[in-house]
>>> print(open('input_26.cif').read())   # mmCIF, C-alpha atoms, pLDDT in the B column; chains and numbers go by the auth columns
data_run
loop_
_atom_site.group_PDB
_atom_site.id
_atom_site.type_symbol
_atom_site.label_atom_id
_atom_site.label_comp_id
_atom_site.label_asym_id
_atom_site.label_seq_id
_atom_site.Cartn_x
_atom_site.Cartn_y
_atom_site.Cartn_z
_atom_site.B_iso_or_equiv
_atom_site.auth_seq_id
_atom_site.auth_asym_id
ATOM 1 C CA MET A 1 297.680 132.753 147.169 91.00 31 A
ATOM 2 C CA LEU A 2 296.030 136.179 147.024 94.00 32 A
ATOM 3 C CA TYR A 3 299.177 138.219 147.666 93.00 33 A
ATOM 4 C CA GLU A 4 302.856 137.612 148.193 95.00 34 A
ATOM 5 C CA THR A 5 305.776 139.911 148.924 94.00 35 A
ATOM 6 C CA ALA A 6 309.470 139.543 149.638 96.00 36 A
ATOM 7 C CA VAL A 7 311.744 141.299 152.127 95.00 37 A
ATOM 8 C CA THR A 8 315.456 140.611 152.465 96.00 38 A
ATOM 9 C CA ALA A 9 317.342 141.067 155.752 94.00 39 A
ATOM 10 C CA THR A 10 321.083 141.600 155.749 94.00 40 A
ATOM 11 C CA GLY A 11 323.789 142.404 158.279 89.00 41 A
ATOM 12 C CA ALA A 12 325.009 140.866 161.512 74.00 42 A
ATOM 13 C CA GLY A 13 324.051 142.428 164.842 69.00 43 A
ATOM 14 C CA GLY A 14 322.461 145.269 162.914 83.00 44 A
ATOM 15 C CA GLY A 15 321.745 145.777 159.292 92.00 45 A
ATOM 16 C CA ARG A 16 318.710 146.429 157.208 94.00 46 A
ATOM 17 C CA ALA A 17 315.625 144.856 155.738 95.00 47 A
ATOM 18 C CA PHE A 18 314.316 145.880 152.350 96.00 48 A
ATOM 19 C CA ALA A 19 311.904 144.920 149.627 97.00 49 A
ATOM 20 C CA PRO A 20 313.669 144.341 146.323 95.00 50 A
ATOM 21 C CA ASP A 21 311.031 146.487 144.576 95.00 51 A
ATOM 22 C CA GLY A 22 312.070 149.506 146.710 96.00 52 A
ATOM 23 C CA THR A 23 308.758 149.940 148.559 96.00 53 A
ATOM 24 C CA PHE A 24 310.093 149.047 152.030 96.00 54 A
ATOM 25 C CA HIS A 25 313.347 149.762 153.883 96.00 55 A
ATOM 26 C CA VAL A 26 314.224 149.763 157.585 96.00 56 A
ATOM 27 C CA TRP A 27 317.443 149.779 159.574 95.00 57 A
ATOM 28 C CA LEU A 28 317.697 146.913 162.037 94.00 58 A
ATOM 29 C CA ASP A 29 319.368 146.553 165.406 92.00 59 A
ATOM 30 C CA GLU A 30 318.906 144.500 168.513 88.00 60 A
ATOM 31 C CA PRO A 31 317.414 146.319 171.505 87.00 61 A
ATOM 32 C CA SER A 32 319.960 147.446 174.077 86.00 62 A
ATOM 33 C CA GLU A 33 318.344 145.032 176.567 87.00 63 A
ATOM 34 C CA LEU A 34 319.563 142.184 174.346 83.00 64 A
ATOM 35 C CA GLY A 35 323.038 143.589 173.752 85.00 65 A
ATOM 36 C CA GLY A 36 322.340 145.736 170.700 84.00 66 A
ATOM 37 C CA ARG A 37 322.947 149.430 170.201 86.00 67 A
ATOM 38 C CA GLY A 38 319.226 150.178 169.995 79.00 68 A
ATOM 39 C CA HIS A 39 319.699 152.397 166.926 84.00 69 A
ATOM 40 C CA GLY A 40 317.379 150.621 164.517 89.00 70 A
ATOM 41 C CA ASN A 41 314.080 148.843 164.408 93.00 71 A
ATOM 42 C CA THR A 42 313.836 145.515 166.196 92.00 72 A
ATOM 43 C CA HIS A 43 312.332 142.287 164.941 91.00 73 A
ATOM 44 C CA GLU A 44 309.734 142.624 167.678 94.00 74 A
ATOM 45 C CA GLN A 45 308.696 146.089 166.428 95.00 75 A
ATOM 46 C CA LEU A 46 308.323 144.800 162.883 96.00 76 A
ATOM 47 C CA TYR A 47 306.247 141.849 164.055 97.00 77 A
ATOM 48 C CA ALA A 48 304.111 144.098 166.285 98.00 78 A
ATOM 49 C CA ALA A 49 303.386 146.456 163.380 97.00 79 A
ATOM 50 C CA ALA A 50 302.425 143.597 161.076 97.00 80 A
ATOM 51 C CA HIS A 51 300.238 141.815 163.626 98.00 81 A
ATOM 52 C CA ALA A 52 298.433 145.014 164.699 98.00 82 A
ATOM 53 C CA ALA A 53 297.710 145.956 161.084 98.00 83 A
ATOM 54 C CA ALA A 54 296.569 142.432 160.204 98.00 84 A
ATOM 55 C CA LEU A 55 294.205 142.255 163.181 98.00 85 A
ATOM 56 C CA LEU A 56 292.679 145.633 162.291 98.00 86 A
ATOM 57 C CA ALA A 57 292.164 144.423 158.708 97.00 87 A
ATOM 58 C CA ALA A 58 290.548 141.225 160.014 97.00 88 A
ATOM 59 C CA MET A 59 288.154 143.333 162.111 97.00 89 A
ATOM 60 C CA ARG A 60 287.177 145.366 159.055 96.00 90 A
ATOM 61 C CA SER A 61 286.512 142.217 157.048 95.00 91 A
ATOM 62 C CA LEU A 62 283.959 140.995 159.599 96.00 92 A
ATOM 63 C CA ARG A 63 281.396 143.697 158.810 90.00 93 A
ATOM 64 C CA THR A 64 279.910 141.447 156.160 85.00 94 A
ATOM 65 C CA HIS A 65 279.534 138.724 158.805 84.00 95 A
ATOM 66 C CA GLY A 66 277.173 140.531 161.155 86.00 96 A
ATOM 67 C CA HIS A 67 279.686 142.472 163.215 90.00 97 A
ATOM 68 C CA PRO A 68 279.477 146.261 163.563 92.00 98 A
ATOM 69 C CA ALA A 69 281.579 148.522 161.370 93.00 99 A
ATOM 70 C CA VAL A 70 285.012 149.326 162.741 96.00 100 A
ATOM 71 C CA PRO A 71 285.073 152.989 163.812 96.00 101 A
ATOM 72 C CA ALA A 72 287.328 155.248 161.733 96.00 102 A
ATOM 73 C CA GLU A 73 289.271 156.126 164.912 97.00 103 A
ATOM 74 C CA ALA A 74 289.908 152.465 165.796 98.00 104 A
ATOM 75 C CA THR A 75 293.418 151.400 166.702 98.00 105 A
ATOM 76 C CA VAL A 76 295.138 148.152 167.521 98.00 106 A
ATOM 77 C CA THR A 77 298.311 148.182 169.580 98.00 107 A
ATOM 78 C CA ALA A 78 300.422 145.041 169.606 98.00 108 A
ATOM 79 C CA ARG A 79 302.887 144.646 172.456 98.00 109 A
ATOM 80 C CA VAL A 80 305.505 142.014 171.702 98.00 110 A
ATOM 81 C CA GLY A 81 307.946 140.752 174.306 95.00 111 A
ATOM 82 C CA ILE A 82 310.763 138.279 173.917 93.00 112 A
ATOM 83 C CA GLY A 83 312.407 136.140 176.552 91.00 113 A
ATOM 84 C CA ARG A 84 314.282 132.913 177.021 89.00 114 A
ATOM 85 C CA ARG A 85 312.312 129.736 176.567 88.00 115 A
ATOM 86 C CA GLU A 86 312.672 126.964 179.085 85.00 116 A
ATOM 87 C CA GLY A 87 315.259 124.597 177.731 87.00 117 A
ATOM 88 C CA ASN A 88 316.645 126.381 174.705 89.00 118 A
ATOM 89 C CA GLY A 89 315.914 129.340 172.463 91.00 119 A
ATOM 90 C CA PHE A 90 313.552 132.263 172.758 91.00 120 A
ATOM 91 C CA ALA A 91 309.804 132.768 173.031 93.00 121 A
ATOM 92 C CA LEU A 92 307.444 135.630 172.287 95.00 122 A
ATOM 93 C CA ALA A 93 304.474 136.927 174.228 96.00 123 A
ATOM 94 C CA VAL A 94 301.914 139.138 172.488 98.00 124 A
ATOM 95 C CA THR A 95 299.216 141.455 173.803 98.00 125 A
ATOM 96 C CA LEU A 96 296.726 142.786 171.259 98.00 126 A
ATOM 97 C CA GLU A 97 294.843 145.809 172.544 98.00 127 A
ATOM 98 C CA ALA A 98 291.974 147.234 170.487 98.00 128 A
ATOM 99 C CA HIS A 99 290.555 150.719 170.913 98.00 129 A
ATOM 100 C CA LEU A 100 287.086 150.706 169.343 98.00 130 A
ATOM 101 C CA PRO A 101 285.447 154.001 170.309 98.00 131 A
ATOM 102 C CA GLY A 102 281.679 154.110 170.081 96.00 132 A
ATOM 103 C CA LEU A 103 281.164 150.347 170.273 97.00 133 A
ATOM 104 C CA GLU A 104 279.539 148.788 173.303 96.00 134 A
ATOM 105 C CA THR A 105 281.932 146.627 175.313 97.00 135 A
ATOM 106 C CA ALA A 106 280.233 143.326 174.461 96.00 136 A
ATOM 107 C CA ALA A 107 280.190 144.104 170.721 96.00 137 A
ATOM 108 C CA ALA A 108 283.803 145.296 170.807 97.00 138 A
ATOM 109 C CA GLN A 109 284.940 142.161 172.661 97.00 139 A
ATOM 110 C CA ALA A 110 283.080 139.895 170.231 96.00 140 A
ATOM 111 C CA LEU A 111 284.606 141.724 167.264 97.00 141 A
ATOM 112 C CA LEU A 112 288.116 141.448 168.741 98.00 142 A
ATOM 113 C CA GLU A 113 287.755 137.732 169.466 97.00 143 A
ATOM 114 C CA SER A 114 286.258 136.966 166.043 97.00 144 A
ATOM 115 C CA ALA A 115 288.978 138.954 164.288 98.00 145 A
ATOM 116 C CA ASN A 116 291.677 137.170 166.272 98.00 146 A
ATOM 117 C CA ALA A 117 290.184 133.823 165.185 97.00 147 A
ATOM 118 C CA ILE A 118 290.531 134.684 161.464 97.00 148 A
ATOM 119 C CA CYS A 119 293.666 136.883 161.496 98.00 149 A
ATOM 120 C CA ALA A 120 296.487 135.189 159.567 97.00 150 A
ATOM 121 C CA TYR A 121 299.109 136.330 162.080 97.00 151 A
ATOM 122 C CA SER A 122 297.077 135.173 165.074 98.00 152 A
ATOM 123 C CA ARG A 123 296.450 131.824 163.435 97.00 153 A
ATOM 124 C CA ALA A 124 300.136 131.424 162.556 97.00 154 A
ATOM 125 C CA ILE A 125 301.201 131.684 166.199 97.00 155 A
ATOM 126 C CA ALA A 126 298.214 129.919 167.813 96.00 156 A
ATOM 127 C CA GLY A 127 299.413 127.326 170.312 94.00 157 A
ATOM 128 C CA ASN A 128 303.003 128.558 170.095 93.00 158 A
ATOM 129 C CA VAL A 129 302.854 132.069 171.553 95.00 159 A
ATOM 130 C CA THR A 130 301.002 133.384 174.577 93.00 160 A
ATOM 131 C CA VAL A 131 298.465 135.934 173.265 96.00 161 A
ATOM 132 C CA THR A 132 296.398 138.242 175.436 98.00 162 A
ATOM 133 C CA LEU A 133 293.438 140.147 173.967 98.00 163 A
ATOM 134 C CA ALA A 134 292.356 143.426 175.586 98.00 164 A
ATOM 135 C CA LEU A 135 290.111 146.395 174.974 98.00 165 A
ATOM 136 C CA ALA A 136 291.533 149.846 175.569 94.00 166 A
#
>>> encode(input="input_26.cif", output="structure tokens")
Amino acid sequence: MLYETAVTATGAGGGRAFAPDGTFHVWLDEPSELGGRGHGNTHEQLYAAAHAAALLAAMRSLRTHGHPAVPAEATVTARVGIGRREGNGFALAVTLEAHLPGLETAAAQALLESANAICAYSRAIAGNVTVTLALA
């Protein structure tokens, strides 16, 4: 293990999530579309932030593997949707959209696909969540 952290979530129908070391704190709520008040951050927002950041980091790590450098202005936007799963429970759908200004389309697409293949978050959901990759 190269790094490990802990975050605790508390509260019913709302609440908060925090790191015991004090470095992270957010207020939580369900989106109004799912019956919440919509006054806090949603689980989907937290996942989207983590996945977008992880994919961008994966792109940066590929420079030593023959891919072009990630432009300083690069962004990754993760769109996370939740819906009912056939049968029982819920399912996510994720779109990962990379904005890689200055890179040719083919190089940008190759970088995005290679990063998705090594990203810990992408690998964790592979085969379980519908993921769409796109260039902005």
>>> resolve_selection(input="input_26.cif", expression="the PyMOL selection byres ((chain A and resi 100) around 12)", output="JSON, numbers by chain")
{"A": [85, 86, 87, 88, 89, 90, 91, 92, 93, 94, 96, 97, 98, 99, 101, 102, 103, 104, 105, 106, 128, 129, 130, 131, 132, 133, 134, 137, 138, 141, 142, 145]}
>>> atom_distance(input="input_26.cif", atom1="CA of Gly68 (chain A)", atom2="CA of His55 (chain A)")
17.2 Å
>>> closest_atom_pairs(input="input_26.cif", of="region 104-133 of chain A", to="region 157-166 of chain A", cutoff="6 Å", atoms="all atoms listed in the file", output="CSV")
residue,atom,partner,partner_atom,distance
A:Leu122,CA,A:Val159,CA,5.9
A:Ala123,CA,A:Thr160,CA,5.0
A:Val124,CA,A:Val161,CA,4.8
A:Thr125,CA,A:Thr162,CA,4.6
A:Leu126,CA,A:Leu163,CA,5.0
A:Glu127,CA,A:Ala164,CA,4.6
A:Ala128,CA,A:Leu165,CA,4.9
A:His129,CA,A:Ala166,CA,4.8
>>> atom_distance(input="input_26.cif", atom1="CA of Asp59 (chain A)", atom2="CA of Ala80 (chain A)")
17.7 Å
>>> resolve_selection(input="input_26.cif", expression="the PyMOL selection byres ((chain A and resi 60) around 9)", output="PyMOL selection string")
chain A and resi 43-44+58-59+61-73
>>> atom_distance(input="input_26.cif", atom1="CA of Ala154 (chain A)", atom2="CA of Asp51 (chain A)")
25.9 Å
>>> residues_around(input="input_26.cif", residues="Ala78 (chain A)", least_positions_apart="4", cutoff="6 Å", atoms="only C-alpha atoms", output="PyMOL selection string")
chain A and resi 74+82+108+110
>>> closest_residue(input="input_26.cif", among="A:Leu32, A:Ile112, A:Val56, A:Ala84", to="Ile148 (chain A)", atoms="all atoms listed in the file")
A:Ala84
>>> closest_residue(input="input_26.cif", among="A:Gly113, A:Ala150, A:Thr35, A:Gly41", to="Thr53 (chain A)", atoms="only C-alpha atoms")
A:Thr35
